[in-house]
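A short worksheet on the structure shown next.
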Amino acid sequence: MSRAADDRRSAFIGYMGLGSHNLDFATAVTGLARLLEARPDVRFEIFGSIRLPGDLKRFDERIRLVEPVRDYGRFMERLASLKWTIGMCPLAPTPFNNRKTNTKWVEYSACGMAVVATRGTVYDACCADGCGMLVDGAEEWFGAFDRLLGDKALHRAQVERAQRRLRDDYSRDRLKQQILSVFARARALADQPILTKLSLDEFDGDRAWGWAWRSTETAGVQPREPVQIWSGDVLIGHTPRRHHRPDADAYLGAPAWPKGFSAPIGALNALCRLMGGPESGFEPTIRFREELLSTFAQGPRWQDLAAHRTLRSADATLGWPLHDLWWGNSHLLKARATYQSRGDGQAETRALRVFQPSRQADGRLALAVADEVAIHERQGVCAFGLRNPFMPVLLVGYDGDGHVDFIDLIPFPSLLRGGLHAAEAAAVDDSGGGLAAVRRLNDAYLAEATGWGADQLSPSLADIRVDLETATGAEPIFDHQIREWIALMFRVPVAGANAERRVASDLGDRAFVEYADALFGREAPARPRDGRLRLTLPSCAIPAIGALVSRRLSSGATASRAACVVVDDSLPHRRYVLALPEAPKTVRATLAEGRTSFPVLSPLTDDKAATAADALPAAILIRDLSPLAKEALLYPTPRDAPVILPSSDAAGPARISIFLRACDPAADIGVLLDSVARQKTTAKLEVILIAAGGGAKQRDAYRGLLRETFPTSGHLVEAGSAWGEAAAINETAASASGDAFVFVESRIILHDPRTLETIARLSLLDEVGTVGCMELRRHKADGAPVFGAAGYFPGRVDFSVAPALALQEIDCSALLAGEIYPVAANSARFFALSAQAWRRLGGMSPRYPREGAHIDLALRLANAGLANICTTLVSVFSEADDPPKFMHDLAAASHLDLWRLLPALKSSAVIRPF
């Protein structure tokens with residue numbers, strides 16, 4: 001019996017089970033209750049005798065209990081008639097459930113229901129390859145329900161894949177073949193003389209369970225030999241046969257002799273998949289005398305990564321629970337663990353051996369011992385050396401008898417604290433890259449690298465090019481260990497870029513270019529992988545692991561706004577995580593000519609689908625973020641350059657309306673007016689001075705300055721107070737003649753004559769809201785510019801009293817040098833906006849004072865689909881105080897609801913110091 005996926009009642013979730021399943025059902029109740037609370041349209045049904053938990057009784061009117069049916073044929077008919085959208089398969093982590101079958105998945109799938117099941121259980125194998133959703137915890141239960149109910153195409157595809165698996169693997173003919181094969185194997189074994197037997201029965205968690213026997217042991221002539229664990233041609237260690245196996249005893253006899261064993265081979269299976277499969281030379285095997293069985297060839301469940309956990313020993317289930325792991329130096333790892341006695345009579349962990357893949361003399365890859373350390377009871381921290389700080393690390397613990405106690409894998413050790421990729425882990429963890437974040441990111445990157453669940457999707461990245469124009473040869477990318485890791489692990493070639501540009505600038509530098517080409521070619525992969533994107537890096541960068549493992553997006557998938565990570569290598573206590581969402585295409589067009597200050601992703605072909613959105617974090621930049629020289633701050637684009645924008649795609653305005661806000665009576669408005677008058681632009685200027693407060697004498701002085709500087713195009717508007725400023729600006733803007741509106745406070749000086757033309761051109765681009773630029777602040781002591789803020793970035797979120805968000809200004813002069821990027825909002829002191837966008841939104845809201853109206857304007861623009869952008873290609877000078885020491889709690893000051901901020905935050909760059 002099989003029912004179509006689209007023959008469903010909408011938004012019905014069900015669970016079938018008897019009263020003995022109360023503990024299992026309890027593991028999913030919190031996530032289900034959250035869904036029922038969030039989705040009033042969802043209904044829930046229980047088919048069976050299980051009692052309704054107390055947390056669900058408040059939804060009693062939306063819950064129905066269906067009486068159990070004892071006859072199986074009638075039971076299946078009744079189940080199919082319920083037409084649930086989703087069938088639940090929760091399981092609690094109990095020894096009994098470790099021996100469960102996947103019958104619920106079979107019955108749900110046959111009835112056309114999508115399955116959501118507990119991860120790390122019997123359902124892992126049947127739900128693999130998109131035939132079910134695996135979850136762990138209330139958040140994931142809720143997320144799975146919400147996705148399947150909200151996406152009919154996803155629901156239908158999952159059910160169709162599950163029913164296809166039912167037809168292929170669970171048909172009567174298939175079951176008949178399996179039973180007959182067992183009988184045939186038993187008959188073959190019975191016909192052979194018993195010499196040595198080795199059998200693998202089950203893969204549970206990260207352990208393989210089986211039995212081994214040698215006929216001479218019956219007479220007690222030979223000692224009971226342990227079973228060997230191998231990776232390729234390298235012996236990892238031994239595991240004893242200490243478990244009694246009645247099933248094997250019934251066939252072999254000698255029940256007094258233990259025959260069963262368990263071997264921790266999950267990490268070895270994961271390493272084999274990461275290195276490219278059995279042909280890579282890392283195939284894990286269990287051996288006993290002349291018998292050999294590959295754990296990798298046992299079937300899909302044995303290769304499944306769902307049960308794999310990076311650094312499983314950190315779960316404190318073994319005799320050496322790991323609490324922290326970090327880099328002591330470039331080739332020394334340090335570990336902090338608590339030695340504990342098991343108390344079960346088994347030997348405890350006494351030694352740790354470290355393996356890494358290493359190139360052998362004949363050129364092939366194989367595991368090699370990097371270090372070995374003894375573990376003592378009072379030892380809190382131990383250290384061990386590595387051959388290559390980027391290659392995977394295999395940690396093998398041995399007990400006092402020399403048997404393997406555990407095997408742990410660190411797929412990407414450079415994510416650990418102190419490694420070159422540590423900021424990637426810190427980007428996903430509030431504690432700055434703790435062990436928990438490293439484990440999660442390693443697991444996620446391992447799954448992405450091996451294509452688990454998405455084998456049909458090719459990698460995004462095809463090759464890497466390194467900008468040689470300003471390279472010295474001392475940068476990290478020139479380290480052969482990094483290039484070897486990229487070539488061996490990911491099969492991505494690295495080559496130079498802009499070589500001829502370097503030679504043209506220094507004719508004597510042809511030798512360096514040839515040296516770099518030879519260096520990059522030395523570690524070139526024998527078989528480069530397929531991909532669609534090229535990553536061009538500045539010489540000071542290394543590719544992020546996220547970019548190397550990333551696979552192209554499936555059809556209909558949503559691009560991830562993941563982080564591009566910037567690391568300040570000269571000041572280890574100051575690091576920044578920089579997330580750059582994809583800018584509007586018109587903004588990207590302005591950066592088309594030779595941009596090398598940040599990584600560039602470009603398609604290798606004219607395939608329009610191959611976009612930079614296919615990749616995860618692009619690169620880690622290791623650069624000197626020391627303060628720039630005064631000239632570089634005042635003129636980020638050299639002053640002898642006639643224009644600032646590198647592309648002519650952004651058309652210039654015909655007229656610019658400049659709104660000068662005289663908010664500080666002590667400020668010298670004449671200096672600002674003079675700097676505006678000296679701007680080099682072909683546009684006609686209209687200058688409007690908004691005076692809030694001040695007496696008649698002050699306003700007369702303003703009129704005199706306007707007549708002197710802009711005799712025909714300047715006029716004064718009186719706002720009365722700061723609260724009336726927005727209304728005055730709106731009234732004046734209604735009749736303003738400019739294509740672009742520029743708002744300037746009286747404390748700003750436009751020292752660069754190209755400023756107005758640049759910022760006005762950017763404001764006229766499609767999909768752009770407000771536009772800002774770098775604002776220089778001076779030091780009180782000497783007046784020198786020391787801080788270059790450029791836009792507001794999301795900062796701290798606070799839910800302690802009421803939802804509130806702090807936006808922060810960060811010195812972007814070196815961090816985002818020479819860039820155009822999206823921000824949450826721009827400073828009210830200086831920003832521009834097209835007249836069309838202004839009138840589309842109705843101008844500023846008079847509900848807010850000066851410090852909130854521009855934030856409200858930016859939020860409304862973001863909600864309308866326009867991006868607020870900022871640039872460090874040009875700067876203005878501010879007479880404001882020293883750099884701010886704290887974040888601006890602008891949300892609270894303006895009484896802006898946190899949820900109104902979210903669209904602006906989602907489209908903004910995020911800079912996070914830690």
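Each chain of the structure tokens is named A, B, ... in the order shown, its residues numbered from 1; ligands are numbered from 1 in display order.
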
Close residues, Tyr123 in chain A itself excluded, 10 Å, only C-alpha atoms, min 6 positions apart in chain, as a PyMOL selection string: chain A and resi 89-91+100-105+115-117+132-134

Straight-line distance linking CA of Val396 in chain A with CA of Ala267 in chain A, stated in Å to one decimal: 10.0 Å

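Picture a line from CA of Pro68 in chain A to CA of Leu18 in chain A; it runs 8.2 Å.
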
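The space separating CA of Pro389 in chain A from CA of Arg483 in chain A comes to 12.0 Å.
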
All residues 12 Å or closer to Phe412 in chain A, only C-alpha atoms, same chain fewer than 2 positions away omitted, as an MDAnalysis selection string: chainID A and resid 271 274 310:311 356 388:394 409:410 414:417 419:422 424:425 438:446 449 485:486 489 544:546 548:549

Residues near Glu225 in chain A, cut-off 9 Å, only C-alpha atoms, skip fewer than 6 positions along chain, as a PyMOL selection string: chain A and resi 240-241+288-289

Since we have the selection now, will you write its residues out, keeping C-alpha atoms, as an mmCIF file, in the first residue's frame?
```cif
data_model
loop_
_atom_site.group_PDB
_atom_site.id
_atom_site.type_symbol
_atom_site.label_atom_id
_atom_site.label_comp_id
_atom_site.auth_asym_id
_atom_site.auth_seq_id
_atom_site.Cartn_x
_atom_site.Cartn_y
_atom_site.Cartn_z
ATOM 1 C CA PRO A 240 39.933 -7.031 23.077
ATOM 2 C CA ARG A 241 37.219 -9.666 22.738
ATOM 3 C CA PHE A 288 41.702 -10.992 12.878
ATOM 4 C CA ARG A 289 44.471 -13.311 11.736
#
```

Residue among A:Asp700, A:Asp204, A:Glu809, A:Glu725 lying closest to Gly843 in chain A, counting only C-alpha atoms: A:Glu725

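Proximity of A:Met844, A:Leu706, A:Ala734, A:Ile644 to Ser657 in chain A, computed with only C-alpha atoms, is greatest for A:Ala734.
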
Long-range neighbours of Pro528 in chain A as a ChimeraX atom specification, 8 Å cut-off, only C-alpha atoms, 6 positions minimum in chain: /A:462,491-493

Would you save the residues of that selection, restricted to N, CA and C atoms, as an mmCIF file, in the first residue's frame?
```
data_model
loop_
_atom_site.group_PDB
_atom_site.id
_atom_site.type_symbol
_atom_site.label_atom_id
_atom_site.label_comp_id
_atom_site.auth_asym_id
_atom_site.auth_seq_id
_atom_site.Cartn_x
_atom_site.Cartn_y
_atom_site.Cartn_z
ATOM 1 N N ALA A 462 36.618 26.242 -7.869
ATOM 2 C CA ALA A 462 37.412 25.479 -8.832
ATOM 3 C C ALA A 462 38.904 25.746 -8.665
ATOM 4 N N ARG A 491 41.911 19.285 -3.585
ATOM 5 C CA ARG A 491 42.268 19.204 -5.012
ATOM 6 C C ARG A 491 41.978 20.527 -5.737
ATOM 7 N N VAL A 492 42.331 21.631 -5.071
ATOM 8 C CA VAL A 492 42.139 22.967 -5.644
ATOM 9 C C VAL A 492 43.506 23.535 -6.017
ATOM 10 N N PRO A 493 43.745 23.856 -7.280
ATOM 11 C CA PRO A 493 45.040 24.446 -7.670
ATOM 12 C C PRO A 493 45.148 25.906 -7.257
#
```

DSSP strand (DSSP E) residues within range 154-271 of chain A, listed as number ranges by chain: A: 196-204, 207-214, 227-231, 234-239, 260-264
